[in-house]
Every structure is written in C-alpha cells, then in structure tokens.
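This report refers to the structure that appears directly beneath it.
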Amino acid sequence: MISAGTIVQSLLSGILEGGNYALYCLGLAFVFGIMRIINMAHGEFVVLGGYAAYWLLVKWGVSPLLSLPLAAGIAGGTALVVYRVLLQRIRTTAELNTLILTFGVGIFLANLFLQLWTADLRNIDVGWAQNPLSFVGICISFGEIAAFALSLAGVLGLDAFLRRTKTGKAIRVTAIDRDAAALAGIDVERIDLLAFGIGGLLAGLAGPLLGMLSYLSPGAGIAVTIKAFILTVLAGVGSIPGLIVAGMILGIGEAMTVTFVTSSYRELFGFTLFLVVLLIRPSGLFGRRT
Amino acid sequence: MKRLRAFRLTEEVAAALVFAAVAVLPVAISFNPYYLSIFISALILGAVSIAWNLLAGVCGQVSFGHAGFFGIGAYVSAILVMKAGWNPYIAMGAAGLAGVTGALLIGIPAFRLRGPYFALAILGFAEVMKLLAVNLTGLTEGSQGIFNVPPLPGFRVGGVVVDFYVSGTPNYYFAAVLMLAVYLAAYFLRRSNTGLAMFAVQGDEETAAGIGVPVLRTKLVALTVSAFSTALMGAFYTHYVHFLSPDMAFDGYWTVMPVVGSLFGGMGTLIGPGVGSLVITGLDEFVFKRFFETGHKLFFGLLLAVVIVWAPSGLLGRRVRKTTHGGKG
C-alpha cells in the first residue's frame with residue numbers, strides 16, 4: 001500500500017529529478033529564448049556530451065565530474081561548427097528551414113553514434129553515485145544530489161552571466177532588438193554564433209548527468225529534446241530561473257504518476273501538462289503574456 | 001534540370017509521367033518479388049510524403065510526428081478487423097478517421113500559437129501514441145505485437161482474380177492507386193479556395209489573418225487531410241505486411257522519411273515529394289545500406305542539411321525558401 005513515507009520519497013525524488021531536468025533543457029531554452037531557433041538536435045548534443053564522459057571513464061577512468069568541461073566543450077564545439085557551416089546560411093529564412101535543418105543534424109548525429117558505438121545502452125557507472133544518503137527511511141543517492149547541485153549551478157550561472165557580464169548583456173540586447181543592437185556597435189553575427197555555441201555547451205554539460213542517472217543510447221536524444229521543449233513552454237519562453245520550478249513540477253508530477261498510476265505512463269504526464277499549458281496559458285508560468 | 005524547365009515541366013505533366021512510370025515499373029523489373037516489395041514500401045512512403053508536404057510545403061506547418069498518424073491508422077484498422085470482424089476496406093476508412101481525431105486533438109491546442117509549437121507538440125504526440133500502443137495491452141497485445149493481420153480481401157475484375165495474399169503485384173498497384181488518390185486529393189485541395197488560404201498562411205500568417213483568412217481552420221483542414229491520408233497508408237501497410245508492433249507502426253522512419261522525401265523532391269511542388277520518396281528509398285536500399293549497415297540513416301540527416309542549405313528547391317520545382325522581413329526571424 002502507499003504510505004506517507006512513499007509519498008514523501010517520491011515527492012523528494014521528483015524534486016531532485018525535476019531539478020536535473022532544468023539542466024537537461026537549459027541549452028534549448030536559452031537558444032530558443034535568445035535566437036528564436038528551436039534546436040532539434042539539442043538532445044543529440046546532450047547525448048554526445050554523455051558519450052564523451054562515458055568513454056573517458058571507461059578508457060581512462062576519468063571521473064564524470066572531471067570530464068564535465070570536456071563534455072561541454074565537445075558539444076559546444078559541435079554546435080559552433082553546425083552554426084558556422086550550416087545554420088548561419090539560412091538564419092534569416094523561414095523558421096521551417098531552421099527546424100528541418102537542426103532536425104537533420106539530429107538524425108545525422110544519432111545515426112553516427114549508432115554506427116560508431118552500437119545501440120547498446122550505456123550507463124556511466126561510478127560507485128559513489130549509487131551510495132544512498134538515508135534519513136528516517138527516505139533515501140536519495142549521492143549521484144542525484146551532485147546532479148541537482150550542478151543543475152542549480154548551471155541555471156544560476158547562466159542567469160548571472162546574462163545579467164552581470166558585458167557579453168551577457170550584449171546577448172540580451174540582441175535578443176530584444178537586433179537592429180538596435182547592431183547600431184549600438186554589437187557584432188550581432190558573432191553574438192548569434194556565441195549564443196548557439198553556449199547552447200551546445202550547456203547541452204553537453206547535461207550529458208554526463210544523463211549517463212549517470214539514466215542511460216545513454218544513440219536514440220536517447222529525441223526524448224530529451226521533447227522534454228526540454230515542454231519545460232521551456234511550461235516555464236515561459238525566456239525565463240531561465242523559471243526552468244527550475246517548471247522542472248520540479250514536471251518531476252513531481254512524473255514521480256506521482258509512477259507512485260499512484262504506473263511507471264509506464266510516466267511520460268504521459270508531461271505531455272498532458274504541455275497540452276493543457278498550450279490551451280490555458282501559452283505564455284507559460286513565468287513568461288510575459290502577449 | 002535546366003533543360004527540363006525549358007520544356008515547361010508543369011506539375012500536371014510531371015505527375016502524369018511519374019504515375020505512368022509507376023504503372024510500367026513492375027513490367028520493367030519482370031515482377032521480381034524482392035524489388036516489388038521495395039517499391040511497395042516506396043509507394044507507401046510516397047503517399048505519406050505527399051500528405052506531409054500538403055501540410056508543410058503548402059500550408060507551412062512542419063510535422064515531426066507523422067509516425068503517430070501512421071501507427072494510429074495501422075492499429076485501428078488491424079483491431080477493427082481482428083477484434084470486431086470489420087471488412088478491411090471499411091476498417092481502412094475508419095482508420096483514416098481515427099487519424100483525423102488524433103489530428104484535431106493535437107492541432108487545436110498547438111495551432112493557436114505561431115512558431116515551432118506545432119512541430120514539437122506533434123513529435124511528443126507520436127511518442128505518446130507509441131506509449132499507448134505498448135501499454136494498452138488488452139487492445140494492442142503490447143510490445144509483442146499483433147500477428148496474422150488479415151490481408152485485404154481479394155476480388156474479381158472481369159475474369160481476373162485479384163488476390164492480395166499470394167502475390168505482391170496487386171499490393172503494388174493498390175499502393176499506387178492509394179498514392180494517386182492522395183495526390184489527387186492534395187492537387188484539388190491546393191486549387192480550391194482553401195488551398196489558396198493554405199498558401200497564404202504559409203506565406204505570412206499575420207497578413208493572411210489580416211485579409212480574412214481563417215488561419216486556425218485552414219491549418220486544421222491541411223492537417224486533417226494529411227492525417228487521414230497518412231493513417232490510411234498505415235492501415236494499408238498493416239494489411240500488406242500482416243504484422244504489427246509498436247516499434248514498427250510508430251517507427252521514426254515514418255516521421256523522418258516524409259521530411260527527407262519531400263525536401264529531396266521539392267516542397268514547392270505536389271508531386272515532388274512522391275518522386276523524392278521513390279528515389280530516396282531506392283538510394284537507401286541500393287546505396288546507403290551498402291556503406292553503413294547500421295547507421296545508414298545518417299545519410300538522411302546529411303541530405304536534409306545539404307538540401308535545405310544549398311538546394312532548397314529540391315529535385316523538381318521552384319524555390320520554396322522564403323526570406324522573412326527584418327533579421328529577428
């Protein structure tokens with residue numbers, strides 16, 4: 001039977017899981033908020049970062065926490081190349097083109113992973129991540145806590161970067177009014193490149209966590225992209241801190257679905273929530289109403 | 001291609017050429033069952049691509065979830081025939097209507113917003129439909145799948161007996177007829193007032209609304225026709241292969257390939273996606289799979305990127321790439 005302890009446990013793991021969701025979707029939310037481009041390859045960038053950490057651990061025993069910068073760098077670098085070689089050329093054409101292009105990039109990457117590393121499910125398995133921290137019968141693992149902390153740091157760090165630094169301010173100005181930003185002497189082309197690169201970087205940062213708490217597979221990216229978009233809409237486009245709250249709502253809802261209904265319908269919660277938000281409050285929880 | 005244009009290769013001429021080629025193709029390959037089976041799936045894909053492009057190329061709404069409609073069609077038809085004893089032809093029609101229901105469910109909330117909302121909502125929709133097919137085991141047998149889906153019942157035309165079970169040829173021509181039907185539906189719809197409205201919505205949604213185009217309704221018409229056709233092809237597919245599983249019916253193939261086929265063939269034409277699908281299936285079967293057996297689909301991603309950046313008009317047809325005003329996109 002479902003006891004109070006079970007409920008608290010699932011509430012807590014929902015909150016933690018939801019906190020991680022914020023990091024999974026940060027890159028997509030950022031790029032969409034700033035550039036109005038949905039990066040359909042976002043999930044593949046995440047998975048790429050995950051694979052980087054996985055191979056570092058398997059081949060050289062590098063801890064996934066240490067390989068975070070490299071995972072972020074590889075995904076960020078890939079994003080820069082994608083933007084420079086492809087996306088930049090069709091940036092100003094119809095939106096449908098950027099959607100299809102990034103969708104194609106995602107397909108390319110997913111199948112490249114499949115060709116290189118087979119369809120095996122891979123888990124970044126480090127002993128300490130599984131160690132539970134127990135408190136009055138409720139346990140959470142160190143892995144979950146580390147991921148949560150990193151996620152929080154990622155969100156707050158990005159928010160601070162956008163508010164405090166000169167580059168961050170330039171990015172925000174460009175998002176608000178591109179022409180005015182160009183007149184003010186901001187190299188908007190460079191800002192675009194930078195923003196897309198940061199998006200990839202953030203996606204890569206999430207990869208090792210995904211591999212630690214769940215598993216990596218060549219096709220795992222698409223689910224990440226969907227979840228990231230659901231959260232972006234739920235939080236409200238442009239609201240970076242809102243992602244944490246939105247992530248927690250999704251995480252708790254999913255955990256409750258698992259506890260009270262069945263784990264097979266977990267994904268159904270997010271999608272239903274998404275449709276309800278689109279119908280009732282399309283600007284999201286923290287977005288400005290238009 | 002330049003030379004073809006000089007001959008004024010119109011939509012109608014191109015379509016007539018394509019369907020004539022489709023009609024004689026089995027003779028050219030002397031009814032070889034292996035090649036025939038490849039071309040049957042190519043025709044199914046061709047029809048789905050034409051349907052996809054009605055939504056994306058004509059009305060400007062990209063869908064990354066046509067596998068959802070395809071799978072709904074396959075399951076509804078198989079279940080109606082096997083559990084309720086319906087005639088497969090009638091069940092196929094019902095499967096199309098089930099696709100329409102799904103389309104309205106997703107289209108009404110997602111089309112109210114401009115931008116990429118629909119493309120992503122429908123991607124999630126397809127995933128959820130697959131999830132339901134896996135979990136509603138009482139109805140769908142879950143992930144083990146449904147075996148022995150009956151073929152379409154045979155009939156007699158004059159003295160000729162058409163039997164869908166024994167040979168591939170009737171299936172081939174039935175698929176060709178379905179593709180023709182989907183094409184004609186798209187063709188006449190495009191020429192109607194609603195078709196004009198769709199084109200206006202594709203051009204600029206706000207302007208279209210300004211001159212009195214009912215934007216939401218127009219998008220929904222494009223989506224429902226597209227979903228009906230796709231679900232119909234899914235239903236045909238299940239009766240053709242006699243087997244059904246969530247992985248197969250909702251395979252990402254049916255989401256990705258219509259996009260690839262349409263872009264490759266040319267989104268600015270109605271027949272282009274059909275041609276693109278036929279060519280791309282052939283390329284995949286005879287070229288890509290020889291290179292990379294497991295990851296051959298990476299070529300599709302590559303092709304999408306290359307076509308959209310450097311050859312947005314595709315194999316046939318005029319340029320569809322449009323420049324939006326200002327830089328904000």
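The chains in the structure tokens are called A, B, ... from first to last as shown; in each chain the residues are counted from 1, and the ligands are counted from 1 in the order shown.
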For chain A, report every residue with an atom at most 6 Å from chain B (counting only C-alpha atoms), formatted as number ranges by chain. A: 92-94, 101, 104-105, 107-108, 111, 114-115, 278-279
Excluding Thr194 in chain B and any residue of its chain fewer than 3 positions from it, enumerate the residues within 9 Å of it, using only C-alpha atoms, and give them as a ChimeraX atom specification. /B:189-191,197-199,218,221-222
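Compared by their closest atoms to Ala29 in chain A, and using only C-alpha atoms, the residues A:Thr98, A:Leu216, A:His42, A:Arg89 rank with A:His42 nearest.
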Nearby residues (only C-alpha atoms) at most 7 Å from Leu231 in chain A, same-chain spacing under 3 positions excluded, as a ChimeraX atom specification: /A:227-228,234-235,243,246-247
Output N, CA and C atoms of each residue in that selection to a file, as a PDB file, in the first residue's frame.
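The resulting result_38.pdb:
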ATOM      1  N   LYS A 227      11.294  16.724 -23.937  1.00  0.00           N
ATOM      2  CA  LYS A 227      11.148  17.155 -22.553  1.00  0.00           C
ATOM      3  C   LYS A 227      11.624  18.599 -22.385  1.00  0.00           C
ATOM      4  N   ALA A 228      12.737  18.908 -23.042  1.00  0.00           N
ATOM      5  CA  ALA A 228      13.282  20.261 -22.947  1.00  0.00           C
ATOM      6  C   ALA A 228      12.291  21.283 -23.478  1.00  0.00           C
ATOM      7  N   LEU A 234       6.511  25.419 -20.460  1.00  0.00           N
ATOM      8  CA  LEU A 234       5.918  25.482 -19.128  1.00  0.00           C
ATOM      9  C   LEU A 234       6.503  26.654 -18.327  1.00  0.00           C
ATOM     10  N   ALA A 235       7.820  26.826 -18.420  1.00  0.00           N
ATOM     11  CA  ALA A 235       8.464  27.908 -17.675  1.00  0.00           C
ATOM     12  C   ALA A 235       8.098  29.267 -18.263  1.00  0.00           C
ATOM     13  N   LEU A 243      12.841  27.715 -15.197  1.00  0.00           N
ATOM     14  CA  LEU A 243      13.040  26.329 -15.602  1.00  0.00           C
ATOM     15  C   LEU A 243      13.128  25.393 -14.399  1.00  0.00           C
ATOM     16  N   ALA A 246       9.609  24.848 -13.177  1.00  0.00           N
ATOM     17  CA  ALA A 246       8.912  24.022 -14.162  1.00  0.00           C
ATOM     18  C   ALA A 246       9.432  22.588 -14.103  1.00  0.00           C
ATOM     19  N   GLY A 247      10.745  22.451 -13.991  1.00  0.00           N
ATOM     20  CA  GLY A 247      11.340  21.117 -13.901  1.00  0.00           C
ATOM     21  C   GLY A 247      10.819  20.361 -12.705  1.00  0.00           C
TER      22      GLY A 247
END
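What separates CA of His242 in chain B from CA of Ile280 in chain B is a distance of 24.8 Å.
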Using only C-alpha atoms, determine which residues lie at most 10 Å from Leu162 in chain A, disregarding the query and same-chain residues fewer than 5 positions distant; provide the list as a list in words. Leu156, Gly157, Thr167, Gly168, Lys169, Ala170, Ile171, Arg172 and Ile240 of chain A
Can I get the selection written as a PDB file, in the first residue's frame, with C-alpha atoms?
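again.pdb, freshly written:
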ATOM      1  CA  LEU A 156      22.078  30.366 -11.713  1.00  0.00           C
ATOM      2  CA  GLY A 157      25.414  30.682 -13.520  1.00  0.00           C
ATOM      3  CA  THR A 167      28.789  39.761 -23.232  1.00  0.00           C
ATOM      4  CA  GLY A 168      25.687  38.524 -21.443  1.00  0.00           C
ATOM      5  CA  LYS A 169      24.096  41.935 -21.714  1.00  0.00           C
ATOM      6  CA  ALA A 170      25.021  42.109 -25.388  1.00  0.00           C
ATOM      7  CA  ILE A 171      23.307  38.770 -25.935  1.00  0.00           C
ATOM      8  CA  ARG A 172      20.159  40.002 -24.207  1.00  0.00           C
ATOM      9  CA  ILE A 240      15.771  30.827 -17.240  1.00  0.00           C
TER      10      ILE A 240
END
Could you tell me how far CA of Ala181 in chain B sits from CA of Gly73 in chain B, in Å to one decimal place? 16.7 Å
